[in-house]
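Notes follow the structure.
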Amino acid sequence: MELEKESALCEAILFLESEPLTVKALSSKSQLSEEIVEQCIENLKSKYSEASCGVELAMITGGYCLVPKKEYWDVLKEYYGSKREGKLSKSAMETLAIIAYSQPITRAEIEKLRGVGVDNMIRLLIEKNLIKEVGKKEVPGHPTLFGTTKEFLKLFRLNSIADLPKLEEEEEARFVLAR
């Protein structure tokens with residue numbers, strides 16, 4: 001492996017950081033050029049792709065971080081999972097999914113899809129920092145538009161909202177018809 005010491009330095013920084021780091025941030029912290037950091041990232045990806053490694057280098061919210069491999073997460077999440085993970089009710093998860101797939105979306109549009117009021121779910125998801133107000137819709141009354149946050153992406157280990165699993169055509173049509 002080329003750049004062994006440089007890769008080890010980047011690995012140590014990623015291990016110590018609690019938030020994902022961009023190449024630029026990793027370059028700044030390591031005092032290595034961005035080109036060298038990119039090579040180190042490739043080295044680390046290769047290293048962690050081996051079956052004997054329990055972690056992987058993942059891109060989440062536009063930055064890199066060390067995370068447990070998905071195949072081990074079911075065993076680990078009971079002890080090491082986020083306090084907010086696993087504490088969302090089915091109703092909260094359904095509301096969150098609607099917002100994630102339809103954002104930006106208003107409270108009334110969410111209620112139309114769910115068929116029930118969502119005030120408590122919206123409040124809960126805002127408290128957990130999984131959704132936020134992202135603007136006002138240009139219609140009479142100017143209702144608030146909601147969208148997901150970086151915390152949402154981190155919780156579900158997504159780099160961007162585009163990484164959400166694709167919906168089946170029937171489900172996608174349901175989301176579009178409600179708007």
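By order in the structure tokens, chains are A, B, ...; within a chain, residues start at 1; ligands start at 1, following the order shown.
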Got a sec: who's within 12 Å of range 107-123 of chain A, counting only C-alpha atoms, leaving out chain neighbours fewer than 2 positions off, as a PyMOL selection string? chain A and resi 88-105+125-133+136-137+141-148+171-179
Would you save the residues from that selection as a compact mmCIF listing (two decimals), in the first residue's frame, using N, CA and C atoms?
# COMPACT_ATOMS: atom_id res chain seq x y z
N LEU A 88 -38.65 5.51 17.29
CA LEU A 88 -39.72 6.12 16.49
C LEU A 88 -40.84 5.11 16.30
N SER A 89 -42.06 5.56 16.55
CA SER A 89 -43.23 4.70 16.36
C SER A 89 -43.45 4.47 14.87
N LYS A 90 -44.33 3.53 14.59
CA LYS A 90 -44.68 3.25 13.19
C LYS A 90 -45.25 4.52 12.54
N SER A 91 -46.07 5.26 13.28
CA SER A 91 -46.67 6.50 12.76
C SER A 91 -45.59 7.54 12.45
N ALA A 92 -44.61 7.65 13.34
CA ALA A 92 -43.53 8.61 13.13
C ALA A 92 -42.69 8.20 11.92
N MET A 93 -42.41 6.92 11.79
CA MET A 93 -41.62 6.43 10.64
C MET A 93 -42.38 6.66 9.34
N GLU A 94 -43.69 6.44 9.35
CA GLU A 94 -44.49 6.66 8.14
C GLU A 94 -44.47 8.14 7.76
N THR A 95 -44.64 9.00 8.74
CA THR A 95 -44.60 10.45 8.48
C THR A 95 -43.23 10.86 7.96
N LEU A 96 -42.18 10.33 8.58
CA LEU A 96 -40.81 10.64 8.16
C LEU A 96 -40.56 10.15 6.73
N ALA A 97 -41.05 8.98 6.39
CA ALA A 97 -40.88 8.46 5.02
C ALA A 97 -41.60 9.35 4.01
N ILE A 98 -42.80 9.79 4.35
CA ILE A 98 -43.54 10.67 3.45
C ILE A 98 -42.76 11.96 3.22
N ILE A 99 -42.23 12.53 4.28
CA ILE A 99 -41.45 13.77 4.15
C ILE A 99 -40.19 13.52 3.32
N ALA A 100 -39.49 12.44 3.62
CA ALA A 100 -38.24 12.14 2.92
C ALA A 100 -38.46 11.98 1.41
N TYR A 101 -39.50 11.25 1.03
CA TYR A 101 -39.73 10.98 -0.38
C TYR A 101 -40.44 12.11 -1.12
N SER A 102 -41.11 13.00 -0.38
CA SER A 102 -41.92 14.03 -1.04
C SER A 102 -41.44 15.44 -0.80
N GLN A 103 -40.34 15.62 -0.09
CA GLN A 103 -39.92 16.96 0.29
C GLN A 103 -39.61 17.86 -0.89
N PRO A 104 -39.88 19.15 -0.74
CA PRO A 104 -40.54 19.80 0.38
C PRO A 104 -42.04 19.53 0.33
N ILE A 105 -42.65 19.39 1.52
CA ILE A 105 -44.05 19.01 1.61
C ILE A 105 -44.71 19.72 2.79
N LEU A 125 -40.69 14.77 15.25
CA LEU A 125 -39.60 14.69 14.28
C LEU A 125 -38.73 15.94 14.29
N ILE A 126 -39.34 17.09 14.55
CA ILE A 126 -38.56 18.33 14.68
C ILE A 126 -37.71 18.26 15.96
N GLU A 127 -38.30 17.80 17.07
CA GLU A 127 -37.55 17.66 18.33
C GLU A 127 -36.35 16.74 18.17
N LYS A 128 -36.51 15.68 17.40
CA LYS A 128 -35.42 14.72 17.18
C LYS A 128 -34.46 15.20 16.08
N ASN A 129 -34.72 16.40 15.56
CA ASN A 129 -33.88 17.01 14.53
C ASN A 129 -33.78 16.15 13.26
N LEU A 130 -34.86 15.43 12.95
CA LEU A 130 -34.88 14.62 11.73
C LEU A 130 -35.53 15.36 10.57
N ILE A 131 -36.38 16.35 10.89
CA ILE A 131 -36.97 17.21 9.86
C ILE A 131 -36.86 18.66 10.32
N LYS A 132 -37.05 19.57 9.37
CA LYS A 132 -37.02 21.00 9.69
C LYS A 132 -37.91 21.75 8.71
N GLU A 133 -38.22 22.99 9.06
CA GLU A 133 -38.95 23.86 8.15
C GLU A 133 -37.96 24.31 7.08
N LYS A 136 -41.74 28.28 2.74
CA LYS A 136 -43.20 28.47 2.68
C LYS A 136 -43.65 28.20 1.25
N LYS A 137 -44.78 27.53 1.11
CA LYS A 137 -45.33 27.24 -0.22
C LYS A 137 -46.02 28.48 -0.75
N GLY A 141 -52.25 31.41 2.12
CA GLY A 141 -51.96 30.96 3.48
C GLY A 141 -50.49 30.67 3.71
N HIS A 142 -49.73 30.53 2.66
CA HIS A 142 -48.29 30.25 2.72
C HIS A 142 -47.94 29.20 3.78
N PRO A 143 -48.44 27.94 3.60
CA PRO A 143 -48.14 26.90 4.59
C PRO A 143 -46.64 26.56 4.60
N THR A 144 -46.19 26.11 5.77
CA THR A 144 -44.79 25.72 5.97
C THR A 144 -44.47 24.46 5.18
N LEU A 145 -43.31 24.46 4.57
CA LEU A 145 -42.79 23.27 3.88
C LEU A 145 -41.78 22.58 4.79
N PHE A 146 -41.81 21.26 4.82
CA PHE A 146 -40.89 20.48 5.65
C PHE A 146 -39.97 19.64 4.78
N GLY A 147 -38.75 19.42 5.28
CA GLY A 147 -37.78 18.56 4.63
C GLY A 147 -36.92 17.89 5.68
N THR A 148 -36.09 16.96 5.25
CA THR A 148 -35.24 16.23 6.18
C THR A 148 -33.96 17.01 6.49
N GLU A 171 -46.30 2.80 -5.24
CA GLU A 171 -46.09 3.69 -4.10
C GLU A 171 -45.73 5.09 -4.58
N GLU A 172 -44.89 5.17 -5.61
CA GLU A 172 -44.48 6.47 -6.14
C GLU A 172 -45.71 7.24 -6.65
N ALA A 173 -46.62 6.54 -7.33
CA ALA A 173 -47.84 7.15 -7.85
C ALA A 173 -48.69 7.67 -6.70
N ARG A 174 -48.74 6.95 -5.60
CA ARG A 174 -49.52 7.37 -4.42
C ARG A 174 -49.00 8.69 -3.89
N PHE A 175 -47.67 8.83 -3.84
CA PHE A 175 -47.07 10.07 -3.36
C PHE A 175 -47.39 11.23 -4.28
N VAL A 176 -47.35 11.02 -5.59
CA VAL A 176 -47.61 12.07 -6.56
C VAL A 176 -49.08 12.47 -6.56
N LEU A 177 -49.99 11.51 -6.46
CA LEU A 177 -51.43 11.79 -6.49
C LEU A 177 -51.87 12.66 -5.32
N ALA A 178 -51.20 12.56 -4.20
CA ALA A 178 -51.59 13.32 -3.02
C ALA A 178 -51.21 14.78 -3.11
N ARG A 179 -50.40 15.16 -4.06
CA ARG A 179 -49.88 16.53 -4.11
C ARG A 179 -50.64 17.40 -5.05
Among range 22-165 of chain A, which ones does DSSP place in alpha helix (DSSP H), written as a PyMOL selection string? chain A and resi 23-30+34-48+70-80+90-102+107-114+119-127+150-155
So the first atom is CA of Lys45 in chain A and the second is CA of Phe152 in chain A; what is the distance between them in Å, to one decimal place?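 These two atoms are separated by 24.1 Å.
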Which one of A:Thr106, A:Lys69, A:Val55, A:Thr61 sits closest to Gly135 in chain A if you count only C-alpha atoms? A:Thr106
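Selecting strand (DSSP E or B) from the backbone DSSP output for chain A yields A:Leu21, A:Val55, A:Glu56, A:Leu57, A:Ala58, A:Met59, A:Ile60, A:Gly63, A:Tyr64, A:Cys65, A:Leu66, A:Val67, A:Pro68, A:Ile105, A:Thr106, A:Ile131, A:Lys132, A:Glu133, A:Val134, A:Gly135, A:Lys136, A:Thr144, A:Leu145, A:Phe146, A:Gly147, A:Thr148.
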Just how far from CA of Cys65 in chain A is CA of Val134 in chain A, in Å to one decimal?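 CA of Cys65 in chain A lies 26.7 Å from CA of Val134 in chain A.
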Test item: residues at most 12 Å from Met59 in chain A, only C-alpha atoms, excluding those fewer than 6 positions along its chain, as a list in words: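 Answer for this query is Leu14, Glu19, Pro20, Leu21, Thr22, Val23, Ile41, Lys45, Cys65, Leu66, Val67, Leu153, Lys154, Phe156, Arg157, Leu158, Asn159, Ser160 and Asp163 of chain A.
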Residues at most 10 Å from Ile36 in chain A, counting only C-alpha atoms, excluding those fewer than 3 positions away in the same chain, as a ChimeraX atom specification? /A:3,6-7,23,27,32-33,39-42
Can you spit out the residues from that selection as a tab-separated table (two decimals), in the first residue's frame, using C-alpha atoms?
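The file below, result19.tsv, is the result:
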chain	number	residue	atom	x	y	z
A	3	LEU	CA	1.25	6.27	1.42
A	6	GLU	CA	-0.36	9.19	5.42
A	7	SER	CA	-3.22	6.69	5.21
A	23	VAL	CA	-11.67	15.69	1.77
A	27	SER	CA	-6.68	17.65	4.31
A	32	LEU	CA	-1.77	16.71	3.64
A	33	SER	CA	-2.80	17.86	0.17
A	39	GLN	CA	-5.38	8.51	-2.40
A	40	CYS	CA	-5.42	7.70	1.32
A	41	ILE	CA	-9.21	7.36	1.22
A	42	GLU	CA	-8.91	4.86	-1.63
Which one is closest to Gln31 in chain A: A:Leu16, A:Leu44, A:Ile161, A:Cys10? Count only C-alpha atoms.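 Smallest distance to Gln31 in chain A is found for A:Cys10.
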Could you work out how far CA of Glu11 in chain A lies from CA of Leu76 in chain A, giving the answer in Å with one decimal?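 Computed distance, CA of Leu76 in chain A to CA of Glu11 in chain A, equals 21.5 Å.
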